[in-house]
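Below is one structure, written out as structure tokens, with a few remarks after it.
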Amino acid sequence: MHTIHRGLPRTSLLLASLLCAGLAGQAQAVNVIYTGPPGSSGLTGTPPGGAGGNGQAAPDVLRLLLSSDASNTLQLSGGTGGAGGDGAAGNSSVNGGAAGNGGAGAKSTGSLTVTTTGPAALTVYSNGGAGGSPGLAGAAGSGTQAGADGTGGAGGNATAFGALFSSGALTGTVAATGGDGGSGGNFATGGLGGNASSTLTGLTLTGPAISLTSTATGGNGGATLFGTSGRGGDAASTIFLPNLGIAQNIDVISVATGGNGGYAVFPSDGLAGQISGGGSADSKVTLTSLTPASGGWSAVINGSSTANAGMPSAATVDSPDGGSAKASLSIHAYGTVNGTATANGSYGYEMGSSATANANVSSNYMATAKAVANGGSSVFNPGNGGNATATAHGGYAANADAVSTSGNGHAGSTEASYATAQASVLRNAAAPSSSTPSEARAHAAAGSLGGVAQATASYTDAARQASVVVTTAQSDQGHAPPNVLSRANVGGAAYQPWAGWEPDGDQIMVSNSASALPTAASVSTLLSGSPNVQAAFPGNQVLGAGTMGAMFFPTQANNAEFHVPFAAGGHLLLGLLSPFPTDNFDSTFDFSVSSNGVTLYSASFTTQAQAVSFFSDHVLDLGVVNSSALDLLIGMHLTSGMFGYAYVFGEGAGAAAVPEPQTWLLLLTGMSVLLWRARGRRVS
């Protein structure tokens, strides 16, 4: 073990760095702990009225180490900036001397690279030095004024870097913390918080277990009484693994937290200090790995990226915006892969800070991506909206979940938030079965009035020559935050009818689920209680099944698109069942069926009774299809109210009985509002 203690001069520090680098090849463990010296203090002003000298910046701390050992630690702390000197008191003809400014805290940079053929642990801590405090202003003499206050020194920036090259089990922690800004004098400016940057990377990591953490925290701004406080430091945390090996258990965590703005006060005489904003936060995770020859089905890979914007220390009238928050995650690996990106904005009096989260996950087996973006609140204006995007691609199952919110604003007002989720499955025939359903599931919720939520789920099974794409999109117009769900599978269970709430209790505003070539057993359950539809499909053999529902406010898109094999020359039958109406008021929506851009059937509904009658155990003959492949698009677009239904479709030997419009008019006699149109076209 080679240890460096506190307080070594800079020259000794550099020599020790070179020594450790050389000893690394001799299997000596690296254990370096170092704290830099403070900056020199300013001199006291010469009487009468002499200004105090400024504090000096603390010397930078820099360590660059190489190692081939199993245990490696590098811990650096920058020294504090020098204190400002006091101003000298004035006399009857000379004002008091100005206070000296505080010096800047030391910048701290630590870098450790580890190359081994066995298990290894890496730890890097880098802490910027705190800014120095100013001196005291010289007192006033008789009939003269006191000296000017001094400013606080800026906190030192901090950089931490770790690199790993190993074939063994690994643990790694890299952390950078910016120095806090020094407090300013009563009427002067507080020091800026130091910025922080942490990076953890690795190439050809092939060990069985890998656990890596990177954190960056910006320094807090310096305080003041009646002046302007210091802004919080920015933070950036990165984990970059571009060529990961075949580990069976991987956990990576990246967190960036912006520093808070310094504090100021409201004095009783009406003077007000000014608060500076918080620092921005940017967190990134990138992990890429080739799939092992065995498929890596049992591997579990988890990643998270979190960005927390810094805040003003107090919500005053003059407080600026908080820092922005950006979190991104991209994982392309194997086995069960879970990735989450979370961005949290902060408040501001004029405008809350922005929040953007993006999670992208892919796997040959199961992929789960979640993105959460929480916009910052505001006092005078609408709260800022979040923007969340989640994308998941899997060979067996994919789950994408995007959630965005807007911060609270004046009188409850909010800016629009946006949530987009995309999940896709390209069925990998080699992937083993699991208790987890084989499906693509996309959920998006935009938790603000005026928000927009979009969800797309697609599933393709090349062996079955079948695919299905389900889309939902909804934008709020002052009713309720949009919340949409899309699900799709091929060869799995048919989804059961929508009833306004999902099994987990979540109230989904627009729900759209579709299954191509569903199992006969699940179709039997779906068709129970609908004898007409059941009779049209002997043996519960259908080509596709689905369920749609929407509530309360306009639906931009609610479509299910199927591509399935078809016996050319057969009739295409569509069975409608299990309507779910709204109590006490009517719904207005359009229903349509098309193939290759050609409308086969369309209808509009304006009353509950009309819609319930049409979708209750009803079979439509959509004509003859002279093709061995069927492309079918089923859509529902709600304008008002709430309505849901289920459907199945398949091949029929002959035309099914469809009531003429005159028959429907007789069935709807006595209704106060009636608007119904329908037309059907045969496919040539």
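Order determines the names: the first chain of the structure tokens is A, the second B, and so forth; residues in each chain are numbered 1 upward, and ligands are numbered 1 upward as they are shown.
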>> Excluding Ala236 in chain A and its own-chain neighbours fewer than 2 positions away, which residues fall within 8 Å of it when counting only C-alpha atoms? Please give them as number ranges by chain.
In response: A: 196-198, 216-217, 234, 238, 256-257, 281-283
Using only N, CA and C atoms, please write the residues we just selected to a file, as a PDB file, in the first residue's frame.
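Listed below is the output, part33.pdb:
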```
ATOM      1  N   ALA A 196     -19.080  20.868 -10.779  1.00  0.00           N
ATOM      2  CA  ALA A 196     -18.611  19.511 -10.512  1.00  0.00           C
ATOM      3  C   ALA A 196     -18.817  18.641 -11.747  1.00  0.00           C
ATOM      4  N   SER A 197     -17.815  17.829 -12.054  1.00  0.00           N
ATOM      5  CA  SER A 197     -17.903  16.914 -13.195  1.00  0.00           C
ATOM      6  C   SER A 197     -17.314  15.571 -12.808  1.00  0.00           C
ATOM      7  N   SER A 198     -18.081  14.510 -12.979  1.00  0.00           N
ATOM      8  CA  SER A 198     -17.594  13.154 -12.682  1.00  0.00           C
ATOM      9  C   SER A 198     -17.825  12.263 -13.891  1.00  0.00           C
ATOM     10  N   ALA A 216     -22.097  13.734  -9.181  1.00  0.00           N
ATOM     11  CA  ALA A 216     -21.533  15.084  -9.255  1.00  0.00           C
ATOM     12  C   ALA A 216     -22.492  16.026  -8.550  1.00  0.00           C
ATOM     13  N   THR A 217     -21.944  16.882  -7.681  1.00  0.00           N
ATOM     14  CA  THR A 217     -22.764  17.814  -6.909  1.00  0.00           C
ATOM     15  C   THR A 217     -22.148  19.203  -6.983  1.00  0.00           C
ATOM     16  N   ASP A 234     -22.901  24.239 -11.383  1.00  0.00           N
ATOM     17  CA  ASP A 234     -23.477  23.222 -12.267  1.00  0.00           C
ATOM     18  C   ASP A 234     -22.869  21.854 -11.954  1.00  0.00           C
ATOM     19  N   THR A 238     -21.378  11.383 -15.650  1.00  0.00           N
ATOM     20  CA  THR A 238     -21.413  10.538 -16.846  1.00  0.00           C
ATOM     21  C   THR A 238     -20.879   9.148 -16.547  1.00  0.00           C
ATOM     22  N   ALA A 256     -26.563  13.586 -10.925  1.00  0.00           N
ATOM     23  CA  ALA A 256     -26.029  14.948 -10.980  1.00  0.00           C
ATOM     24  C   ALA A 256     -26.985  15.864 -10.225  1.00  0.00           C
ATOM     25  N   THR A 257     -26.433  16.689  -9.327  1.00  0.00           N
ATOM     26  CA  THR A 257     -27.250  17.586  -8.516  1.00  0.00           C
ATOM     27  C   THR A 257     -26.651  18.987  -8.558  1.00  0.00           C
ATOM     28  N   ALA A 281     -28.175  20.637 -13.835  1.00  0.00           N
ATOM     29  CA  ALA A 281     -27.719  19.258 -13.629  1.00  0.00           C
ATOM     30  C   ALA A 281     -27.883  18.465 -14.910  1.00  0.00           C
ATOM     31  N   ASP A 282     -26.857  17.706 -15.265  1.00  0.00           N
ATOM     32  CA  ASP A 282     -26.878  16.898 -16.485  1.00  0.00           C
ATOM     33  C   ASP A 282     -26.298  15.524 -16.152  1.00  0.00           C
ATOM     34  N   SER A 283     -27.115  14.482 -16.266  1.00  0.00           N
ATOM     35  CA  SER A 283     -26.681  13.121 -15.972  1.00  0.00           C
ATOM     36  C   SER A 283     -26.837  12.246 -17.208  1.00  0.00           C
TER      37      SER A 283
END
```
> Near His571 in chain A, counting only C-alpha atoms, which residues have an atom at most 6 Å away, once you skip same-chain residues fewer than 5 positions from it, shown as a ChimeraX atom specification?
Replying inline: /A:623-624,651-652
Those residues with C-alpha atoms, as an mmCIF file, in the first residue's frame please?
```
data_model
loop_
_atom_site.group_PDB
_atom_site.id
_atom_site.type_symbol
_atom_site.label_atom_id
_atom_site.label_comp_id
_atom_site.auth_asym_id
_atom_site.auth_seq_id
_atom_site.Cartn_x
_atom_site.Cartn_y
_atom_site.Cartn_z
ATOM 1 C CA GLY A 623 -66.330 -8.225 -48.047
ATOM 2 C CA VAL A 624 -64.050 -10.573 -49.951
ATOM 3 C CA GLU A 651 -62.177 -15.379 -42.162
ATOM 4 C CA GLY A 652 -65.762 -16.384 -42.983
#
```
>> With only C-alpha atoms as the counted atoms, please give the residues lying no more than 7 Å from range 387-399 of chain A, apart from itself and same-chain residues fewer than 2 positions off, as number ranges by chain.
In response: A: 355-373, 385, 401-404, 417-428, 431, 438-442
>> Taking 2 positions as the minimum chain separation for residues in the same chain, which residues sit within 7 Å of Tyr495 in chain A when counting only C-alpha atoms? Answer as a PyMOL selection string.
In response: chain A and resi 493+497+513-514+546-547
>> Need to verify the contact set: Gly245 in chain A, 10 Å, only C-alpha atoms, exclusion of same-chain residues closer than 4 positions in sequence. Can you return it as a VMD selection string?
In response: chain A and resid 166 to 167 203 to 208 241 288 to 292 333
> Which of these residues is nearest to Ser458 in chain A, using only C-alpha atoms: A:His618, A:Lys326, A:Arg487, A:Arg63?
Replying inline: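 Using only C-alpha atoms, Ser458 in chain A sits closest to A:Arg487.
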>> At a cut-off of 8 Å, using only C-alpha atoms, what residues contact Gly182 in chain A? Leave out same-chain residues fewer than 3 positions from it and give the result as a VMD selection string.
In response: chain A and resid 102 130 to 134 151 to 155 190 to 192 221 to 223
> To one decimal place, how far is CA of Thr144 in chain A from CA of Ala88 in chain A in Å?
Replying inline: 13.1 Å
